[in-house]
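Undergrad: The structure file model_2.txt (compact mmCIF, N, CA and C atoms) is provided below.
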```txt
# COMPACT_ATOMS: atom_id res chain seq x y z
N MET A 1 161.74 58.83 45.38
CA MET A 1 162.55 58.12 46.34
C MET A 1 162.90 56.73 45.80
N LEU A 2 164.15 56.36 45.93
CA LEU A 2 164.62 55.06 45.47
C LEU A 2 164.46 54.03 46.57
N THR A 3 164.05 52.83 46.18
CA THR A 3 163.94 51.77 47.17
C THR A 3 165.22 50.97 47.26
N ASP A 4 166.06 51.01 46.21
CA ASP A 4 167.31 50.26 46.21
C ASP A 4 168.41 51.11 45.59
N PRO A 5 169.06 51.96 46.40
CA PRO A 5 170.09 52.85 45.86
C PRO A 5 171.32 52.12 45.31
N ILE A 6 171.64 50.94 45.83
CA ILE A 6 172.79 50.19 45.32
C ILE A 6 172.50 49.68 43.91
N ALA A 7 171.30 49.16 43.70
CA ALA A 7 170.93 48.72 42.35
C ALA A 7 170.92 49.89 41.39
N ASP A 8 170.49 51.07 41.87
CA ASP A 8 170.52 52.27 41.02
C ASP A 8 171.96 52.62 40.65
N MET A 9 172.88 52.53 41.60
CA MET A 9 174.29 52.81 41.32
C MET A 9 174.84 51.85 40.27
N LEU A 10 174.59 50.56 40.45
CA LEU A 10 175.08 49.56 39.50
C LEU A 10 174.48 49.76 38.12
N THR A 11 173.21 50.14 38.07
CA THR A 11 172.56 50.39 36.78
C THR A 11 173.17 51.60 36.09
N ARG A 12 173.45 52.65 36.84
CA ARG A 12 174.08 53.83 36.25
C ARG A 12 175.47 53.51 35.70
N ILE A 13 176.24 52.72 36.44
CA ILE A 13 177.57 52.32 35.96
C ILE A 13 177.44 51.43 34.73
N ARG A 14 176.53 50.47 34.78
CA ARG A 14 176.31 49.55 33.66
C ARG A 14 175.89 50.31 32.40
N ASN A 15 174.96 51.26 32.53
CA ASN A 15 174.48 52.02 31.38
C ASN A 15 175.57 52.93 30.80
N ALA A 16 176.32 53.60 31.67
CA ALA A 16 177.40 54.47 31.20
C ALA A 16 178.49 53.65 30.52
N ASN A 17 178.77 52.48 31.06
CA ASN A 17 179.77 51.59 30.47
C ASN A 17 179.32 51.11 29.09
N LYS A 18 178.06 50.74 28.99
CA LYS A 18 177.52 50.26 27.71
C LYS A 18 177.53 51.35 26.65
N ALA A 19 177.28 52.60 27.07
CA ALA A 19 177.27 53.73 26.14
C ALA A 19 178.67 54.31 25.92
N LEU A 20 179.70 53.70 26.54
CA LEU A 20 181.09 54.13 26.42
C LEU A 20 181.32 55.55 26.92
N HIS A 21 180.59 55.95 27.97
CA HIS A 21 180.81 57.25 28.59
C HIS A 21 182.06 57.18 29.46
N GLU A 22 182.69 58.31 29.66
CA GLU A 22 183.89 58.40 30.49
C GLU A 22 183.55 58.37 31.98
N HIS A 23 182.38 58.93 32.36
CA HIS A 23 182.01 59.07 33.76
C HIS A 23 180.57 58.60 33.97
N ALA A 24 180.29 58.18 35.17
CA ALA A 24 178.92 57.90 35.61
C ALA A 24 178.70 58.72 36.88
N THR A 25 177.63 59.48 36.93
CA THR A 25 177.33 60.30 38.10
C THR A 25 176.07 59.80 38.79
N MET A 26 176.05 59.97 40.11
CA MET A 26 174.91 59.51 40.90
C MET A 26 174.92 60.22 42.23
N PRO A 27 173.80 60.26 42.95
CA PRO A 27 173.79 60.81 44.30
C PRO A 27 174.73 59.99 45.19
N SER A 28 175.44 60.66 46.06
CA SER A 28 176.46 59.99 46.88
C SER A 28 175.91 59.51 48.21
N SER A 29 176.51 58.44 48.71
CA SER A 29 176.26 57.95 50.06
C SER A 29 177.54 57.25 50.51
N ARG A 30 177.67 57.00 51.80
CA ARG A 30 178.87 56.32 52.29
C ARG A 30 178.99 54.92 51.70
N MET A 31 177.87 54.22 51.57
CA MET A 31 177.90 52.86 51.02
C MET A 31 178.36 52.87 49.56
N LYS A 32 177.86 53.82 48.77
CA LYS A 32 178.26 53.91 47.37
C LYS A 32 179.73 54.26 47.23
N VAL A 33 180.23 55.13 48.10
CA VAL A 33 181.64 55.49 48.06
C VAL A 33 182.50 54.26 48.39
N GLU A 34 182.07 53.44 49.34
CA GLU A 34 182.82 52.23 49.68
C GLU A 34 182.81 51.23 48.53
N ILE A 35 181.68 51.11 47.84
CA ILE A 35 181.62 50.22 46.68
C ILE A 35 182.55 50.73 45.58
N ALA A 36 182.54 52.04 45.35
CA ALA A 36 183.44 52.63 44.35
C ALA A 36 184.89 52.40 44.75
N LYS A 37 185.19 52.48 46.04
CA LYS A 37 186.55 52.23 46.52
C LYS A 37 186.98 50.80 46.19
N LEU A 38 186.10 49.84 46.43
CA LEU A 38 186.41 48.44 46.11
C LEU A 38 186.59 48.23 44.61
N LEU A 39 185.74 48.87 43.81
CA LEU A 39 185.87 48.76 42.35
C LEU A 39 187.21 49.33 41.88
N LYS A 40 187.65 50.41 42.50
CA LYS A 40 188.94 51.00 42.14
C LYS A 40 190.09 50.10 42.57
N GLU A 41 190.02 49.57 43.79
CA GLU A 41 191.08 48.68 44.28
C GLU A 41 191.25 47.46 43.39
N GLU A 42 190.15 46.96 42.88
CA GLU A 42 190.20 45.77 42.02
C GLU A 42 190.53 46.10 40.56
N GLY A 43 190.58 47.39 40.22
CA GLY A 43 190.99 47.78 38.87
C GLY A 43 189.87 47.85 37.85
N TYR A 44 188.62 47.93 38.30
CA TYR A 44 187.49 47.99 37.37
C TYR A 44 187.13 49.41 36.96
N ILE A 45 187.52 50.40 37.75
CA ILE A 45 187.28 51.79 37.39
C ILE A 45 188.60 52.54 37.54
N ARG A 46 188.73 53.66 36.82
CA ARG A 46 189.94 54.46 36.92
C ARG A 46 190.01 55.17 38.25
N ASP A 47 188.93 55.84 38.61
CA ASP A 47 188.93 56.63 39.85
C ASP A 47 187.49 57.00 40.20
N TYR A 48 187.32 57.63 41.33
CA TYR A 48 186.02 58.15 41.75
C TYR A 48 186.29 59.36 42.63
N HIS A 49 185.33 60.25 42.70
CA HIS A 49 185.42 61.38 43.63
C HIS A 49 184.01 61.88 43.92
N VAL A 50 183.90 62.60 45.02
CA VAL A 50 182.62 63.15 45.45
C VAL A 50 182.65 64.66 45.22
N GLU A 51 181.67 65.15 44.48
CA GLU A 51 181.53 66.59 44.26
C GLU A 51 180.49 67.13 45.23
N LYS A 52 180.86 68.17 45.96
CA LYS A 52 179.94 68.78 46.92
C LYS A 52 178.90 69.61 46.17
N GLY A 53 177.66 69.48 46.58
CA GLY A 53 176.58 70.24 45.99
C GLY A 53 175.82 71.00 47.06
N GLU A 54 174.91 71.86 46.64
CA GLU A 54 174.13 72.64 47.61
C GLU A 54 173.17 71.76 48.40
N SER A 55 172.40 70.92 47.68
CA SER A 55 171.41 70.11 48.37
C SER A 55 171.90 68.68 48.64
N PHE A 56 172.75 68.14 47.76
CA PHE A 56 173.29 66.80 47.99
C PHE A 56 174.62 66.66 47.25
N ASP A 57 175.43 65.71 47.71
CA ASP A 57 176.71 65.44 47.08
C ASP A 57 176.53 64.46 45.93
N THR A 58 177.42 64.53 44.95
CA THR A 58 177.35 63.66 43.78
C THR A 58 178.61 62.82 43.71
N LEU A 59 178.44 61.52 43.53
CA LEU A 59 179.56 60.61 43.33
C LEU A 59 179.81 60.50 41.83
N VAL A 60 181.04 60.74 41.42
CA VAL A 60 181.43 60.63 40.01
C VAL A 60 182.40 59.47 39.90
N VAL A 61 182.03 58.48 39.09
CA VAL A 61 182.86 57.31 38.86
C VAL A 61 183.47 57.43 37.48
N ASP A 62 184.81 57.42 37.41
CA ASP A 62 185.51 57.48 36.14
C ASP A 62 185.70 56.05 35.63
N LEU A 63 185.03 55.73 34.53
CA LEU A 63 185.08 54.37 34.00
C LEU A 63 186.41 54.09 33.33
N LYS A 64 186.75 52.83 33.26
CA LYS A 64 188.03 52.41 32.70
C LYS A 64 187.78 51.56 31.45
N PHE A 65 188.55 51.84 30.42
CA PHE A 65 188.45 51.08 29.18
C PHE A 65 189.84 50.61 28.78
N GLY A 66 189.89 49.50 28.06
CA GLY A 66 191.16 48.96 27.59
C GLY A 66 191.54 49.60 26.27
N ARG A 67 192.52 48.97 25.61
CA ARG A 67 192.91 49.45 24.30
C ARG A 67 191.73 49.33 23.36
N ASN A 68 191.64 50.21 22.40
CA ASN A 68 190.55 50.22 21.41
C ASN A 68 189.17 50.32 22.05
N ARG A 69 189.08 51.01 23.19
CA ARG A 69 187.82 51.24 23.91
C ARG A 69 187.11 49.94 24.33
N GLU A 70 187.88 48.91 24.64
CA GLU A 70 187.29 47.67 25.14
C GLU A 70 186.82 47.90 26.57
N ARG A 71 185.67 47.41 26.91
CA ARG A 71 185.13 47.59 28.25
C ARG A 71 185.86 46.70 29.25
N VAL A 72 186.22 47.25 30.39
CA VAL A 72 186.84 46.48 31.46
C VAL A 72 185.76 45.71 32.21
N ILE A 73 184.62 46.34 32.43
CA ILE A 73 183.47 45.68 33.08
C ILE A 73 182.57 45.16 31.97
N SER A 74 182.43 43.84 31.91
CA SER A 74 181.57 43.26 30.87
C SER A 74 180.16 43.01 31.40
N GLY A 75 179.99 42.93 32.70
CA GLY A 75 178.68 42.74 33.28
C GLY A 75 178.72 43.08 34.76
N LEU A 76 177.61 43.55 35.28
CA LEU A 76 177.55 43.97 36.67
C LEU A 76 176.15 43.63 37.17
N LYS A 77 176.07 42.86 38.26
CA LYS A 77 174.76 42.38 38.68
C LYS A 77 174.67 42.35 40.20
N ARG A 78 173.53 42.75 40.71
CA ARG A 78 173.25 42.70 42.15
C ARG A 78 172.61 41.35 42.44
N VAL A 79 173.18 40.61 43.38
CA VAL A 79 172.65 39.30 43.71
C VAL A 79 171.65 39.39 44.85
N SER A 80 172.03 40.04 45.94
CA SER A 80 171.13 40.19 47.07
C SER A 80 170.32 41.46 46.88
N LYS A 81 169.00 41.31 46.82
CA LYS A 81 168.10 42.43 46.55
C LYS A 81 167.11 42.57 47.71
N PRO A 82 166.43 43.71 47.80
CA PRO A 82 165.45 43.84 48.89
C PRO A 82 164.36 42.77 48.85
N GLY A 83 163.97 42.32 47.69
CA GLY A 83 162.94 41.29 47.59
C GLY A 83 163.47 39.88 47.68
N ARG A 84 164.77 39.71 47.56
CA ARG A 84 165.38 38.39 47.61
C ARG A 84 166.75 38.50 48.24
N ARG A 85 166.83 38.30 49.53
CA ARG A 85 168.09 38.42 50.24
C ARG A 85 168.91 37.15 50.07
N VAL A 86 170.19 37.33 49.80
CA VAL A 86 171.12 36.22 49.69
C VAL A 86 172.17 36.43 50.76
N TYR A 87 172.22 35.52 51.70
CA TYR A 87 173.19 35.59 52.78
C TYR A 87 174.31 34.62 52.47
N ALA A 88 175.54 35.02 52.75
CA ALA A 88 176.69 34.19 52.39
C ALA A 88 177.61 34.02 53.58
N ARG A 89 178.14 32.82 53.70
CA ARG A 89 179.21 32.58 54.66
C ARG A 89 180.51 32.97 53.99
N ASP A 90 181.56 33.07 54.77
CA ASP A 90 182.86 33.41 54.20
C ASP A 90 183.25 32.35 53.18
N GLY A 91 183.67 32.78 52.01
CA GLY A 91 184.07 31.86 50.96
C GLY A 91 182.94 31.50 50.02
N ARG A 92 181.76 31.99 50.26
CA ARG A 92 180.63 31.73 49.37
C ARG A 92 180.28 32.98 48.61
N ARG A 93 179.24 32.94 47.82
CA ARG A 93 178.82 34.08 46.99
C ARG A 93 178.51 35.30 47.86
N ASP A 94 178.95 36.46 47.41
CA ASP A 94 178.77 37.70 48.15
C ASP A 94 177.62 38.50 47.55
N PRO A 95 177.15 39.56 48.22
CA PRO A 95 176.01 40.32 47.73
C PRO A 95 176.19 40.97 46.36
N LEU A 96 177.40 41.25 45.97
CA LEU A 96 177.63 41.81 44.64
C LEU A 96 178.30 40.76 43.78
N ASP A 97 177.95 40.72 42.53
CA ASP A 97 178.53 39.76 41.61
C ASP A 97 179.07 40.52 40.42
N LEU A 98 180.38 40.56 40.29
CA LEU A 98 181.01 41.25 39.17
C LEU A 98 181.46 40.22 38.15
N VAL A 99 181.10 40.42 36.93
CA VAL A 99 181.53 39.53 35.88
C VAL A 99 182.70 40.19 35.17
N ARG A 100 183.86 39.54 35.24
CA ARG A 100 185.06 40.13 34.66
C ARG A 100 185.10 39.97 33.15
N SER A 101 185.85 40.81 32.56
CA SER A 101 186.02 40.79 31.12
C SER A 101 186.96 39.67 30.71
N ARG A 102 186.76 39.16 29.52
CA ARG A 102 187.66 38.15 28.98
C ARG A 102 189.03 38.75 28.68
N HIS A 103 189.11 40.06 28.63
CA HIS A 103 190.35 40.74 28.24
C HIS A 103 191.33 40.89 29.39
N GLU A 104 191.06 40.27 30.55
CA GLU A 104 191.94 40.43 31.70
C GLU A 104 192.37 39.09 32.27
N PRO A 105 193.05 38.25 31.51
CA PRO A 105 193.47 36.96 32.07
C PRO A 105 194.50 37.11 33.18
N HIS A 106 195.20 38.25 33.25
CA HIS A 106 196.22 38.47 34.26
C HIS A 106 195.62 38.71 35.64
N ARG A 107 194.30 38.85 35.76
CA ARG A 107 193.67 39.11 37.04
C ARG A 107 193.04 37.86 37.64
N ALA A 108 193.51 36.69 37.24
CA ALA A 108 192.90 35.45 37.71
C ALA A 108 192.98 35.31 39.23
N GLY A 109 194.04 35.83 39.86
CA GLY A 109 194.19 35.73 41.31
C GLY A 109 193.26 36.64 42.08
N ALA A 110 192.62 37.60 41.41
CA ALA A 110 191.74 38.55 42.09
C ALA A 110 190.50 37.87 42.64
N ARG A 111 190.11 36.75 42.09
CA ARG A 111 188.90 36.07 42.54
C ARG A 111 188.97 35.72 44.02
N HIS A 112 190.12 35.35 44.50
CA HIS A 112 190.25 34.91 45.88
C HIS A 112 190.54 36.05 46.84
N ARG A 113 191.06 37.17 46.36
CA ARG A 113 191.42 38.27 47.24
C ARG A 113 190.22 39.00 47.79
N ARG A 114 189.12 39.10 47.07
CA ARG A 114 188.03 39.98 47.43
C ARG A 114 186.80 39.27 47.96
N ARG A 115 186.85 38.00 48.24
CA ARG A 115 185.64 37.30 48.66
C ARG A 115 185.04 37.88 49.92
N SER A 116 185.84 38.22 50.91
CA SER A 116 185.28 38.73 52.15
C SER A 116 185.02 40.23 52.07
N GLY A 117 185.42 40.89 50.99
CA GLY A 117 185.24 42.33 50.88
C GLY A 117 183.94 42.74 50.25
N GLY A 118 183.04 41.82 49.96
CA GLY A 118 181.74 42.19 49.41
C GLY A 118 181.64 42.07 47.92
N LEU A 119 182.70 41.64 47.24
CA LEU A 119 182.66 41.44 45.80
C LEU A 119 182.97 40.01 45.47
N HIS A 120 182.33 39.50 44.46
CA HIS A 120 182.62 38.15 43.99
C HIS A 120 182.91 38.27 42.50
N LEU A 121 184.10 37.92 42.09
CA LEU A 121 184.50 38.06 40.70
C LEU A 121 184.32 36.72 40.00
N VAL A 122 183.74 36.76 38.81
CA VAL A 122 183.48 35.55 38.06
C VAL A 122 184.06 35.71 36.67
N THR A 123 184.84 34.74 36.24
CA THR A 123 185.39 34.79 34.87
C THR A 123 184.37 34.21 33.91
N GLN A 124 184.39 34.71 32.69
CA GLN A 124 183.44 34.21 31.69
C GLN A 124 184.01 33.03 30.96
```
Kindly transcribe the structure held in the file into structure tokens.
TA:
Amino acid sequence: MLTDPIADMLTRIRNANKALHEHATMPSSRMKVEIAKLLKEEGYIRDYHVEKGESFDTLVVDLKFGRNRERVISGLKRVSKPGRRVYARDGRRDPLDLVRSRHEPHRAGARHRRRSGGLHLVTQ
């Protein structure tokens, strides 16, 4: 049994991204699907879908890479954890912290669009 399924999801995406895999698979939940939806809306993943299984459903996240297999996600980190809760007011740091790639200067405006949606984008 996992104590922090969101951290497990982020770790699976981070590991698959680091190994240059095309997909990351994990057990599905409504919260994970919503996080995948936000990642897709912001352009960090190509797509996601849920595969129905006999005992449980599986969330498949299709990772996105730039030209020459450059990673779109350069870092992914959970800020609010079960052992250390971080509460944020609107406009402050959110529970998820996405570190954007240096290869996307055209997404500078994205930092302000997603603050209330649970993601905080940080340029390197």
Undergrad: Quick one: residues within 10 Å of (183.7, 58.0, 25.8) (file frame), counting only C-alpha atoms, please, as a list in words.
TA: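 Protein and nucleic acid residues near the point are Ala16, Asn17, Ala19, Leu20, His21, Glu22, His23, Leu63, Lys64, Phe65 and Arg69 of chain A.
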Undergrad: Please save N, CA and C atoms of the selected residues as a PDB file, in the frame of the given file.
TA:
```pdb
ATOM      1  N   ALA A  16     176.320  53.600  31.670  1.00  0.00           N
ATOM      2  CA  ALA A  16     177.400  54.470  31.200  1.00  0.00           C
ATOM      3  C   ALA A  16     178.490  53.650  30.520  1.00  0.00           C
ATOM      4  N   ASN A  17     178.770  52.480  31.060  1.00  0.00           N
ATOM      5  CA  ASN A  17     179.770  51.590  30.470  1.00  0.00           C
ATOM      6  C   ASN A  17     179.320  51.110  29.090  1.00  0.00           C
ATOM      7  N   ALA A  19     177.280  52.600  27.070  1.00  0.00           N
ATOM      8  CA  ALA A  19     177.270  53.730  26.140  1.00  0.00           C
ATOM      9  C   ALA A  19     178.670  54.310  25.920  1.00  0.00           C
ATOM     10  N   LEU A  20     179.700  53.700  26.540  1.00  0.00           N
ATOM     11  CA  LEU A  20     181.090  54.130  26.420  1.00  0.00           C
ATOM     12  C   LEU A  20     181.320  55.550  26.920  1.00  0.00           C
ATOM     13  N   HIS A  21     180.590  55.950  27.970  1.00  0.00           N
ATOM     14  CA  HIS A  21     180.810  57.250  28.590  1.00  0.00           C
ATOM     15  C   HIS A  21     182.060  57.180  29.460  1.00  0.00           C
ATOM     16  N   GLU A  22     182.690  58.310  29.660  1.00  0.00           N
ATOM     17  CA  GLU A  22     183.890  58.400  30.490  1.00  0.00           C
ATOM     18  C   GLU A  22     183.550  58.370  31.980  1.00  0.00           C
ATOM     19  N   HIS A  23     182.380  58.930  32.360  1.00  0.00           N
ATOM     20  CA  HIS A  23     182.010  59.070  33.760  1.00  0.00           C
ATOM     21  C   HIS A  23     180.570  58.600  33.970  1.00  0.00           C
ATOM     22  N   LEU A  63     185.030  55.730  34.530  1.00  0.00           N
ATOM     23  CA  LEU A  63     185.080  54.370  34.000  1.00  0.00           C
ATOM     24  C   LEU A  63     186.410  54.090  33.330  1.00  0.00           C
ATOM     25  N   LYS A  64     186.750  52.830  33.260  1.00  0.00           N
ATOM     26  CA  LYS A  64     188.030  52.410  32.700  1.00  0.00           C
ATOM     27  C   LYS A  64     187.780  51.560  31.450  1.00  0.00           C
ATOM     28  N   PHE A  65     188.550  51.840  30.420  1.00  0.00           N
ATOM     29  CA  PHE A  65     188.450  51.080  29.180  1.00  0.00           C
ATOM     30  C   PHE A  65     189.840  50.610  28.780  1.00  0.00           C
ATOM     31  N   ARG A  69     189.080  51.010  23.190  1.00  0.00           N
ATOM     32  CA  ARG A  69     187.820  51.240  23.910  1.00  0.00           C
ATOM     33  C   ARG A  69     187.110  49.940  24.330  1.00  0.00           C
TER      34      ARG A  69
END
```
Undergrad: As an NGL selection string, please: the residues near Met31 (chain A) (cut-off 12 Å, only C-alpha atoms, same-chain neighbours under 2 positions excluded).
TA: :A and (4-7 or 9 or 27-29 or 33-38 or 59 or 118)
Undergrad: Please report the interatomic distance between atom C of Leu2 (chain A) and atom N of Gly43 (chain A) in Å with one decimal.
TA: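 About the pair atom C of Leu2 (chain A) and atom N of Gly43 (chain A): they are 27.7 Å apart.
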Undergrad: Rounded to one decimal in Å, what is the spacing between CA of Thr25 (chain A) and CA of Glu42 (chain A)?
TA: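 Between these atoms lies a distance of 19.8 Å.
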Undergrad: Atom C of Arg14 (chain A) and CA of Phe56 (chain A), how far apart in Å?
TA: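 According to the coordinates, CA of Phe56 (chain A) and atom C of Arg14 (chain A) are separated by 22.8 Å.
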Undergrad: Within region 36-82 of chain A, find each residue whose DSSP state, derived from the backbone, is strand (DSSP E or B), and express the selection as a PyMOL selection string.
TA: chain A and resi 45-51+58-63+65+71+73-78+81
Undergrad: Of the residues A:Lys40, A:Arg12, A:Arg46, A:Lys32, which is the one nearest to Gly66 (chain A), using only C-alpha atoms?
TA: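 Smallest distance to Gly66 (chain A) is found for A:Arg46.
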Undergrad: Return the padded bounding box of region 20-37 of chain A as AutoDock Vina command-line options: axis-aligned, built from all atoms listed in the file, 8 Å added on each side, with centre and edge lengths in Å to one decimal.
TA:
```
--center_x 180.4 --center_y 55.5 --center_z 39.4 --size_x 29.2 --size_y 26.6 --size_z 41.9
```
Undergrad: Here is a test: counting only N, CA and C atoms, which residue of A:Leu39, A:Val60, A:Leu10, A:Ala24 is nearest to Arg78 (chain A)?
TA: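 Counting only N, CA and C atoms, the residue closest to Arg78 (chain A) is A:Leu10.
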